[in-house]
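Asks: Next comes structure09.cif, mmCIF, C-alpha atoms and all ligand atoms:
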data_work
loop_
_atom_site.group_PDB
_atom_site.id
_atom_site.type_symbol
_atom_site.label_atom_id
_atom_site.label_comp_id
_atom_site.auth_asym_id
_atom_site.auth_seq_id
_atom_site.Cartn_x
_atom_site.Cartn_y
_atom_site.Cartn_z
ATOM 1 C CA LEU T 28 -80.014 59.130 -47.288
ATOM 2 C CA ALA T 29 -78.749 57.195 -44.258
ATOM 3 C CA ALA T 30 -76.980 60.287 -42.915
ATOM 4 C CA SER T 31 -80.078 62.485 -43.314
ATOM 5 C CA GLY T 32 -82.167 59.764 -41.645
ATOM 6 C CA ALA T 33 -79.715 59.649 -38.749
ATOM 7 C CA VAL T 34 -79.839 63.471 -38.458
ATOM 8 C CA VAL T 35 -83.671 63.359 -38.368
ATOM 9 C CA LEU T 36 -83.494 60.641 -35.697
ATOM 10 C CA LEU T 37 -81.092 62.744 -33.612
ATOM 11 C CA ILE T 38 -83.236 65.906 -33.943
ATOM 12 C CA CYS T 39 -86.367 63.964 -32.953
ATOM 13 C CA TRP T 40 -84.551 62.391 -30.010
ATOM 14 C CA VAL T 41 -83.433 65.801 -28.746
ATOM 15 C CA GLY T 42 -86.905 67.249 -29.411
ATOM 16 C CA VAL T 43 -88.800 64.438 -27.677
ATOM 17 C CA SER T 44 -86.579 64.586 -24.596
ATOM 18 C CA GLY T 45 -87.838 68.128 -23.890
ATOM 19 C CA GLU T 46 -91.506 67.113 -23.986
ATOM 20 C CA GLY T 47 -93.227 65.883 -20.854
ATOM 21 C CA ALA T 48 -96.688 64.996 -22.185
ATOM 22 C CA TRP T 49 -97.241 61.880 -24.288
ATOM 23 C CA ARG T 50 -99.438 63.866 -26.713
ATOM 24 C CA ASP T 51 -96.577 66.334 -27.400
ATOM 25 C CA GLN T 52 -94.087 63.493 -27.947
ATOM 26 C CA LEU T 53 -96.199 61.903 -30.683
ATOM 27 C CA GLY T 54 -95.021 64.283 -33.449
ATOM 28 C CA TRP T 55 -91.379 63.640 -32.575
ATOM 29 C CA LEU T 56 -92.012 59.892 -32.530
ATOM 30 C CA VAL T 57 -93.519 60.027 -36.026
ATOM 31 C CA GLY T 58 -90.477 62.050 -37.197
ATOM 32 C CA ALA T 59 -88.135 59.513 -35.601
ATOM 33 C CA CYS T 60 -89.983 56.666 -37.366
ATOM 34 C CA LEU T 61 -89.539 58.460 -40.705
ATOM 35 C CA GLY T 62 -85.819 58.948 -39.945
ATOM 36 C CA ALA T 63 -85.445 55.268 -39.059
ATOM 37 C CA GLY T 64 -87.299 54.351 -42.250
ATOM 38 C CA ALA T 65 -84.855 56.475 -44.271
ATOM 39 C CA VAL T 66 -81.908 54.683 -42.634
ATOM 40 C CA VAL T 67 -83.454 51.259 -43.365
ATOM 41 C CA LEU T 68 -84.245 52.282 -46.960
ATOM 42 C CA ALA T 69 -80.667 53.467 -47.433
ATOM 43 C CA ALA T 70 -79.350 50.142 -46.094
ATOM 44 C CA VAL T 71 -81.622 48.147 -48.437
ATOM 45 C CA LEU T 72 -80.576 50.250 -51.448
ATOM 46 C CA TRP T 73 -76.935 49.814 -50.478
ATOM 47 C CA LEU T 74 -77.421 46.019 -50.317
ATOM 48 C CA LEU T 75 -79.220 45.974 -53.695
ATOM 49 C CA VAL T 76 -76.405 47.926 -55.349
ATOM 50 C CA GLY T 77 -73.859 45.561 -53.800
ATOM 51 C CA LEU T 78 -75.791 42.476 -54.918
ATOM 52 C CA ARG T 79 -76.007 43.887 -58.441
ATOM 53 C CA GLU T 80 -72.226 44.200 -58.450
ATOM 54 C CA VAL T 81 -71.910 40.611 -57.205
ATOM 55 C CA ARG T 82 -74.307 39.360 -59.914
ATOM 56 C CA ARG T 83 -72.312 41.220 -62.551
ATOM 57 C CA GLY T 84 -69.120 39.651 -61.225
ATOM 58 C CA PHE T 85 -70.644 36.163 -61.339
ATOM 59 C CA ARG T 86 -71.892 36.790 -64.889
ATOM 60 C CA ASP T 87 -68.390 37.784 -65.984
ATOM 61 C CA LEU T 88 -67.006 34.740 -64.198
ATOM 62 C CA ARG T 89 -69.483 32.405 -65.958
ATOM 63 C CA ARG T 90 -68.628 33.962 -69.308
ATOM 64 C CA ASP T 91 -64.917 33.457 -68.656
ATOM 65 C CA GLN T 92 -65.574 29.885 -67.503
ATOM 66 C CA ARG T 93 -67.590 29.111 -70.642
ATOM 67 C CA MET T 94 -64.849 30.593 -72.774
ATOM 68 C CA MET T 95 -62.175 28.525 -71.046
ATOM 69 C CA LEU T 96 -64.312 25.357 -71.042
ATOM 70 C CA GLY T 97 -65.112 25.857 -74.721
ATOM 71 C CA LEU T 98 -61.433 26.215 -75.424
ATOM 72 C CA SER T 99 -60.513 23.121 -73.423
ATOM 73 C CA GLU T 100 -63.386 21.175 -75.024
ATOM 74 C CA ALA T 101 -62.007 22.081 -78.441
ATOM 75 C CA LEU T 102 -58.574 20.916 -77.290
ATOM 76 C CA LEU T 103 -60.041 17.647 -75.966
ATOM 77 C CA GLU T 104 -61.887 17.132 -79.220
ATOM 78 C CA ARG T 105 -58.709 17.652 -81.186
ATOM 79 C CA GLU T 106 -56.852 15.269 -78.861
ATOM 80 C CA SER T 107 -59.479 12.535 -79.178
ATOM 81 C CA ALA T 108 -59.724 13.055 -82.935
ATOM 82 C CA GLY T 109 -55.974 12.615 -83.078
ATOM 83 C CA ALA T 110 -55.991 9.664 -80.692
ATOM 84 C CA PRO T 111 -54.880 7.217 -83.389
ATOM 85 C CA ARG T 112 -52.299 9.808 -84.412
ATOM 86 C CA LEU T 113 -49.668 7.907 -82.425
ATOM 87 C CA ASP T 114 -49.328 5.613 -85.422
ATOM 88 C CA ARG T 115 -50.479 8.169 -87.976
ATOM 89 C CA TRP T 116 -47.747 9.739 -90.043
ATOM 90 C CA VAL T 117 -47.876 12.071 -92.994
ATOM 91 C CA SER T 118 -45.449 13.519 -95.426
ATOM 92 C CA ALA T 119 -45.553 15.972 -98.307
ATOM 93 C CA PRO T 120 -44.010 16.063 -101.765
ATOM 94 C CA GLY T 121 -40.313 16.897 -101.470
ATOM 95 C CA MET T 122 -40.082 15.897 -97.796
ATOM 96 C CA THR T 123 -37.825 12.998 -96.837
ATOM 97 C CA ARG T 124 -39.166 12.382 -93.333
ATOM 98 C CA ALA T 125 -42.497 11.282 -91.883
ATOM 99 C CA HIS T 126 -44.234 13.819 -89.640
ATOM 100 C CA ARG T 127 -47.187 13.920 -87.346
ATOM 101 C CA PRO T 128 -50.107 15.777 -88.976
ATOM 102 C CA GLU T 129 -49.834 18.686 -86.509
ATOM 103 C CA CYS T 130 -46.050 19.110 -87.007
ATOM 104 C CA LEU T 131 -44.889 22.687 -87.549
ATOM 105 C CA LEU T 132 -42.893 21.586 -90.577
ATOM 106 C CA MET T 133 -46.129 20.343 -92.198
ATOM 107 C CA ARG T 134 -47.743 23.761 -91.924
ATOM 108 C CA GLY T 135 -48.900 25.032 -95.316
ATOM 109 C CA LYS T 136 -48.151 21.722 -97.045
ATOM 110 C CA THR T 137 -50.552 19.146 -98.414
ATOM 111 C CA PRO T 138 -50.230 16.075 -96.172
ATOM 112 C CA GLU T 139 -50.041 12.626 -97.734
ATOM 113 C CA PRO T 140 -50.482 9.596 -95.473
ATOM 114 C CA VAL T 141 -47.413 7.496 -94.870
ATOM 115 C CA PRO T 142 -48.035 3.725 -94.707
ATOM 116 C CA ALA T 143 -47.254 1.984 -91.411
ATOM 117 C CA GLY T 144 -44.356 -0.041 -92.747
ATOM 118 C CA ASP T 145 -42.725 2.899 -94.505
ATOM 119 C CA PRO T 146 -38.932 2.980 -94.011
ATOM 120 C CA ARG T 147 -38.787 6.800 -94.035
ATOM 121 C CA PRO T 148 -37.093 8.280 -90.953
ATOM 122 C CA ARG T 149 -39.280 10.070 -88.434
ATOM 123 C CA CYS T 150 -39.088 13.829 -88.011
ATOM 124 C CA GLY T 151 -37.000 15.063 -85.073
ATOM 125 C CA VAL T 152 -39.222 18.086 -84.430
ATOM 126 C CA CYS T 153 -42.553 16.343 -83.869
ATOM 127 C CA THR T 154 -41.160 13.053 -82.546
ATOM 128 C CA ASP T 155 -40.147 13.166 -78.900
ATOM 129 C CA GLU T 156 -38.408 9.800 -78.944
HETATM 130 ZN ZN ZN T 201 -42.261 16.817 -87.965
#
Will you turn the file into structure tokens for me?

Replies:
Amino acid sequence: LAASGAVVLLICWVGVSGEGAWRDQLGWLVGACLGAGAVVLAAVLWLLVGLREVRRGFRDLRRDQRMMLGLSEALLERESAGAPRLDRWVSAPGMTRAHRPECLLMRGKTPEPVPAGDPRPRCGVCTDE
């Protein structure tokens, strides 16, 4: 559209340059205005398409942000829920050591709370001491 508008502008420019009388130039001027309008229309359409792409990009970005924030919120929630976990220990039937509730060795087992004064040794996997 922009190229055809530019071609129309060029043709009208060449055509109007051969005319001496103002009345004869008027038709060429109208043609040149139409050509310029086509160029402007093409530029506006180009901008709209570009802005649509930008909006789509921002929408994807917001979705990703929400996903990541939701994930981190869930992590924060788990952390705060487990805040007293520093002195919270569990064990399971048949286990000789006390573990943190989220310990890998506790996976699939039914946790039983371990009292604070329990002499059981602490697990080496979930204890970083
Ligand atoms: Zn453990």

Asks: List, as a list in words, every residue that the PyMOL selection byres (((chain T and resi 124) around 9) and not hetatm) selects in the file provided.

Replies: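 Given this file, the PyMOL selection byres (((chain T and resi 124) around 9) and not hetatm) evaluates to Val117, Ser118, Ala119, Met122, Thr123, Ala125, His126, Arg147, Pro148, Arg149, Cys150 and Gly151 of chain T.
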
Asks: Grab me every residue within 6 Å of ligand ZN 201 (chain T), counting all atoms listed in the file, and send it over as a PyMOL selection string.

Replies: chain T and resi 126-127+130+132+150+152-153

Asks: Quick one: which stretch 43-88 of chain T residues come within 7 Å of stretch 30-39 of chain T, and what is the nearest atom pair for each with the distance in Å to one decimal, counting only C-alpha atoms, rows ordered by chain and ascending number, as a tab-separated table?

Replies:
residue	atom	partner	partner_atom	distance
T:Val43	CA	T:Cys39	CA	5.8
T:Trp55	CA	T:Cys39	CA	5.0
T:Leu56	CA	T:Cys39	CA	7.0
T:Gly58	CA	T:Cys39	CA	6.2
T:Ala59	CA	T:Leu36	CA	4.8
T:Gly62	CA	T:Gly32	CA	4.1
T:Ala63	CA	T:Gly32	CA	6.1
T:Ala65	CA	T:Gly32	CA	5.0
T:Val66	CA	T:Gly32	CA	5.2

Asks: What does the structure give for the distance between atom CA of T:Thr154 and atom CA of T:Met133, in Å to one decimal?

Replies: 13.1 Å

Asks: Could you state which residues are captured by the PyMOL selection byres (((chain T and resi 140) around 7) and not hetatm) in this file, as a list in words?

Replies: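 Taken over the shown coordinates, the PyMOL selection byres (((chain T and resi 140) around 7) and not hetatm) returns Trp116, Val117, Ser118, Pro138, Glu139, Val141 and Pro142 of chain T.
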